[in-house]
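A short worksheet on the structure shown next.
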Amino acid sequence: MSLTAEDVTKIAHLARLGIKDQDRDSYAKDLTKILDLMTQMSELYTNDITPMAHPMEQEQRLRRDIVTELDNREKFQRCAPQIEAGLYLVPKVIE
Amino acid sequence: MEHHPQGHEWEAVIGLEIHTQLATKSKIFSGASTAYGAAPNTQACSVDLGFPGVLPVLNQEAVRMAVLFGTSIEAQIAPYSVFARKNYFYPDLPKGYQISQFELPIIGMGHLDIEVNGINKRIGITRAHLEEDAGKSMHENFHGLTGIDLNRAGTPLLEIVSEPDMRSGKEAVAYMKKLHELVRYLGICDGNMQEGSFRCDANVSVRPKGQQAFGTRTEIKNINSFKFVEKAINHEIERQIELIENGGKVIQETRLYDSVNDETRSMRSKEEANDYRYFPDPDLLPVYISEEFKAQIKSSLPELPDAKKLRFKNQYALDDENATILTSSRQLADYFEAVVKGSDCEAKLCANWVTGDLLGALNKAGLDITDSPINWQNLAGLLIRIADNTISGKIGKQIFESMWLSKGQQTADEIIAAKGLKQITDTGAIETIIDKIIAVNPDQVEQYRSGKDKVFGFFVGQVMKEMQGKANPAEVNRLLKDKLK
Amino acid sequence: MHHKTIVELAKGLRSGEYSSLELTHFFLDRIKQHRQLNAFITVTEELAHQAAKAADIRLAKGDAELLTGIPIAHKDIFCTDGIKTSCASKMLDNFIGPYNATVVEKLNHAGTVMLGKLNMDEFAMGSSNETSYYGIVKNPWDNTAIPGGSSGGSAAAVAARLTVCATGTDTGGSIRQPAAHCGITGLKPTYGRVSRYGMIAYASSLDQGGPMARSAEDAAILLQAMAGFDEKDSTSVDCPVPDYHSALNNALDGLKIGLPKEFFGAGLSNEVAVILELAINEYRKLGAEIKEVSIPNLQYAIPAYYVIAPAECSANLSRFDGVRFGYRCNNPADITDMYTRSRGEGFGKEVKRRILMGTYALSAGYYDAYYLKAQKIRRLISNDFNNAFAEVDVIMGPVTPSPAFAIGEKIDDPVAMYLSDIYTIAINLAGIPAISVPAGFAGTKPVGLQIIGNYFAEDRLLNIAHRYQQVTDWHQQSPKDFG
């Protein structure tokens, strides 16, 4: 499975990851090498195997429906890049 | 909805995806409050903000509400369901993914029955799943920037997906209204569309009647009123038919309804159909629903609207119209029944007062039954006094008004006493007044006795006026008739 | 003082031989002396000072625990309230978080004195501490060699005695491998044993925080304070924490040790093989029975891991978008530009590689062939370990194929770097615990022995490691510049 610079562009856009034009080829090469590693996986027959998402068979624990977190806005917004009137500001999003 | 230019009859195919905000106190994965209307970002804790290292823990009430819903639509409840990450970038989505459910939703196939023009139809519900809501974006007032409020981020949503079983805007509205009523009945959602607790997206396509294959569908987003749903869908159906008949093709896209111009518009192109890259969320474990829990929920199911309406018709001998009105909300139905029980009066009397006077006043004031200034005890008290002839129905209306204005501070009895409204039934007293009226109106007496029956009303009016409306009307009639003979 | 164990230090603190404040200043001085190691990203001198004073008060009152007053340092992946947590990334260079990780809370509560935050591979992605935004960490034994990663700073700091002990995290070997390369003891607990709340996520179903110290005894004491159920972490396991310290001296008679044949094949360097053989012999002498076992699907652990971990991390790192915290690029033209440039400029190469890999593996059309397949292989590997543990109590083997490689040797060859994880990675996929103990030297470079246990067998592992450390002194060796 060989990836091209164009593939890298597409994937990088999905991940909103800025990749410089001059680096696309090198990322494509690296990813291709990594994907070569993956071809091994197809050697194994796994049709009847259940995928394992967690190491142990555990059940999701449930929380009681009570409010435990109070207004901590000031503390949380101390590390924010841009705030106004309590809102996080970002470049305009066009719908 | 039939067009015949090329001999085609068209059929519309509509499915609705409805997002209901569950009425939990805290968020689905954190302990922050879900209360509406707080100052921006004062109800967004570190988990909701997606700070590095935070983790989600599932709210049990959200699970209970989902299972309750599933039970009420006779759906399959998944014994094992999984949360999945839906990955996309948007500033009101703090983690860059929404925790939702994908392959294994908590609620499977169910159904909801609707009635349109007297005909019943069963609408399939494909699935319902739990997910977290995103925050809100404000695009105005920030000098070219967008302001993000994450209070709403993490509020539990139950996304209810219907089968594409609807065939008209009317059916779609009927389904939406029925679902709206149901979730309020169950107490799992307050159904407030203005506040965004109940949001509807419609998937619309058309096909020549008789064709099995579906046409290309468009999605109409975020319609937040019943009126707009019907208009938006009907408009879209027309648009698609016209497009196809003119040789064009429907493009799969998202459209927004413009209520001002009554049309749907394409949203800024979504050229990259979002690849959400769903995968099971590794921070959460599968949710197991046991048979015991299912049974527990089933036994907690309240009487549903259809069953209640039928019972009201039978138990209270109500006509369809009254039964429908009285069961339109669980709170109203409960109010009515409390009045019936509390007053021990005829159900019909209670129904008339509740649907007429009470609802009339509430609607005028823009209030819901839950905010009624007159509680059921007060209304019951009033009806008891009408039924036992302490007052007439007419005086009753006066008393109702006083109770309303005093915001239920006074009972009917208190008002009757304070204003001396007790009905006069003392025959002697009435006779005295009648004699007086007869004496001063010889011409009218002559007219009545010469056959002008209508004049009777004049006498009744005069007597009532003299007695400030407090005379028992039946008694007045009887005695007058007698005296005027 | 820097050669003393926690128990010895605790004694000294209680006997008044020295105070926590003196101990703390001693270590802070050592840190200053050995800045060239680059083990620390942040040194919290003032805070340490306060914590030491508070600890001394507790000690005077008699209200102290074993760890009270003991200097510690945290891998810069654990959130610390009011103190920068960078994850060794430009993305979080300006991040001063508003809360403590549960592990930090617990250790603060026990009265430890935090000296600072330790260097690591960026976002825990790496095996050599060469991907940090703050520069490489030197191996105290050989400053031309890597210390290992991603907990390179933790391992180097403990080995150089700049701190008594440290916390680390292990997703594919990031505690065990640097422990081996730096000649210290490092344990990766069972998945769910230690809370992940506040531990910046790399691969959520594989990450575990754990102790890194100079001996199994010290590691046991540290683990005791770190472990336990946390209701803020849905994957945290609610089962009691045993007394690790009292289990240390249990006898090893009848212990069945399994040696997987796949661990001792072609990839293993001679130097490491020889050292391991000697180590295993010590166990024979201690009364253990050695058996051959097999982990037939071991080799597939690498591709499976390098699909699963990047997939999970690609989603975990999406929150770093410049909106609410962290790095935001200058003058973004629009929202997409803000995302792409903030993330493009904020993340290093290896992180970007893994995000791309993960995004690809999850994308439409590839999910089944990569992600789903990898999860199935994960099940097979887990089954392999289960089968092995039916026959033996613990499994032993190497930590790394060879001793620490040279700085710069593998950094441009990601696949070569990944392949060196072969002995550690399968353990994370199965979620079982494992410990790395110093077992000898190849020249001047330390070599580690890996002991792997079944779920929640940390007490056994620490016991087995401790008994070995009672009959050997590899763990007591000090790198010559740091004596």
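Chain identifiers are assigned as A, B, and so on, following the order in which chains appear in the structure tokens; residues are numbered from 1 within each chain, and ligands are numbered from 1 in order of appearance.
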
Q: Output as a PyMOL selection string all residues of region 225-352 of chain B that backbone DSSP marks as helix (DSSP H, G or I).
A: chain B and resi 226-245+291-300+305-315+320-326+330-343+347-352

Chain A residues near chain B within 7 Å, closest pair each, using only C-alpha atoms, as a Markdown table:
```
| residue | atom | partner | partner_atom | distance |
| --- | --- | --- | --- | --- |
| A:Ala53 | CA | B:Pro282 | CA | 6.8 |
| A:Gln58 | CA | B:Leu285 | CA | 6.5 |
| A:Glu59 | CA | B:Leu285 | CA | 5.6 |
| A:Gln60 | CA | B:Leu285 | CA | 4.4 |
| A:Leu62 | CA | B:Gln60 | CA | 5.0 |
| A:Arg63 | CA | B:Asn59 | CA | 4.8 |
| A:Arg64 | CA | B:Gln60 | CA | 5.8 |
| A:Asp65 | CA | B:Ser26 | CA | 5.8 |
| A:Ile66 | CA | B:Ser26 | CA | 5.8 |
| A:Val67 | CA | B:Gly31 | CA | 4.9 |
| A:Thr68 | CA | B:Gly31 | CA | 4.8 |
| A:Glu69 | CA | B:Ala32 | CA | 4.7 |
| A:Leu70 | CA | B:Ala32 | CA | 6.7 |
| A:Asp71 | CA | B:Thr42 | CA | 4.8 |
| A:Asn72 | CA | B:Thr42 | CA | 6.6 |
| A:Arg73 | CA | B:Thr42 | CA | 5.4 |
| A:Gly86 | CA | B:Pro40 | CA | 5.7 |
| A:Leu87 | CA | B:Gly147 | CA | 5.2 |
| A:Tyr88 | CA | B:Ile148 | CA | 4.9 |
| A:Leu89 | CA | B:Gly147 | CA | 4.6 |
| A:Val90 | CA | B:Thr146 | CA | 5.4 |
| A:Pro91 | CA | B:Leu145 | CA | 4.7 |
| A:Lys92 | CA | B:Leu145 | CA | 4.4 |
| A:Val93 | CA | B:Thr146 | CA | 6.6 |
| A:Glu95 | CA | B:Arg268 | CA | 6.4 |
```

List every residue of chain C that has an atom at most 6 Å from any atom of chain A, giving for each one its closest atom pair and the distance in Å to one decimal, counting only C-alpha atoms, sorted by chain and then by ascending residue number, as CSV.
```
residue,atom,partner,partner_atom,distance
C:Pro303,CA,A:Met38,CA,5.0
C:Arg324,CA,A:Ala80,CA,4.9
C:Phe325,CA,A:Ala80,CA,4.6
C:Asp334,CA,A:Pro91,CA,5.1
C:Ile335,CA,A:Pro91,CA,5.1
C:Tyr339,CA,A:Arg16,CA,5.8
C:Thr340,CA,A:Gly18,CA,4.4
C:Arg341,CA,A:Gly18,CA,5.3
C:Arg343,CA,A:Leu17,CA,5.5
C:Gly344,CA,A:Gly18,CA,3.9
C:Gln375,CA,A:Pro51,CA,4.6
C:Lys376,CA,A:Pro51,CA,4.2
C:Arg379,CA,A:Met52,CA,5.2
C:Ala430,CA,A:Pro55,CA,5.6
C:Gly431,CA,A:Pro55,CA,5.0
```

Q) If we count only C-alpha atoms, which residues of chain C reach to within 6 Å of chain B? Please list them as a list in words. A) Tyr197, Gly198, Met199, Ile200, Ala201, Ser204, Ser205, Asp233, Ser234, Ser318, Arg319, Leu362 and Ser363 of chain C

Q: Find the residues near Ala404 (chain C): any atom within 8 Å, counting only C-alpha atoms, skip ones fewer than 3 places away on the same chain, and give them as number ranges by chain.
A: C: 145-148, 181, 445

Would you mind exporting the chosen residues as a PDB file, in the first residue's frame, restricted to C-alpha atoms?
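And here is the file that came out, selection32.pdb:
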```
ATOM      1  CA  ALA C 145      23.251   7.051  24.122  1.00  0.00           C
ATOM      2  CA  ILE C 146      19.528   7.528  24.433  1.00  0.00           C
ATOM      3  CA  PRO C 147      17.972   7.060  27.857  1.00  0.00           C
ATOM      4  CA  GLY C 148      14.960   5.362  26.326  1.00  0.00           C
ATOM      5  CA  HIS C 181      18.366   1.534  29.473  1.00  0.00           C
ATOM      6  CA  LYS C 445      25.229   0.284  29.399  1.00  0.00           C
TER       7      LYS C 445
END
```

Q.
For a test of reading the model, state the distance in Å between CA of Val103 (chain C) and CA of Met226 (chain C), rounded to one decimal.
A.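 That distance, rounded to one decimal, is 5.5 Å.
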
(Q) I need the residues in chain A that are strand (DSSP E) according to DSSP; give them as JSON, numbers by chain. (A) {"A": [62, 63, 83, 84, 87, 88, 89, 90, 91]}

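Pairwise distance (CA of Ile107 (chain B), CA of Ser299 (chain B)) equals 17.9 Å.
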
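CA of Gly37 (chain B) is found 17.5 Å from CA of Thr20 (chain B).
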
Q.
Please list as a list in words every residue within 12 Å of Trp376 (chain B), counting only C-alpha atoms and excluding residues in the same chain fewer than 5 positions away.
A.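 In the requested form, the answer reads Gln331, Leu332, Ala333, Asp334, Tyr335, Phe336, Glu337, Ala338, Val339, Val340, Lys341, Gly342, Ser343, Cys350, Trp353, Val354, Leu358, Ile369, Thr370, Asp371, Gly381, Leu382, Leu383, Met403, Gly408, Thr411 and Ala412 of chain B.
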
Which residues, written as a PDB file with C-alpha atoms, in the first residue's frame, have at least one atom at most 7 Å from region 458-472 of chain B, with only C-alpha atoms counted and residues fewer than 4 positions away on the same chain left out?
```
ATOM      1  CA  SER B 392     -74.974  29.709  39.924  1.00  0.00           C
ATOM      2  CA  LEU B 421     -72.232  35.836  46.547  1.00  0.00           C
ATOM      3  CA  LYS B 422     -74.159  33.034  48.074  1.00  0.00           C
ATOM      4  CA  GLN B 423     -77.071  32.165  45.885  1.00  0.00           C
ATOM      5  CA  ILE B 424     -80.441  33.142  47.238  1.00  0.00           C
ATOM      6  CA  THR B 425     -82.861  30.266  47.217  1.00  0.00           C
ATOM      7  CA  ILE B 433     -88.664  40.913  44.546  1.00  0.00           C
ATOM      8  CA  ILE B 434     -90.795  39.338  41.835  1.00  0.00           C
ATOM      9  CA  ILE B 437     -90.861  43.925  39.569  1.00  0.00           C
ATOM     10  CA  VAL B 476     -86.648  32.481  39.767  1.00  0.00           C
TER      11      VAL B 476
END
```
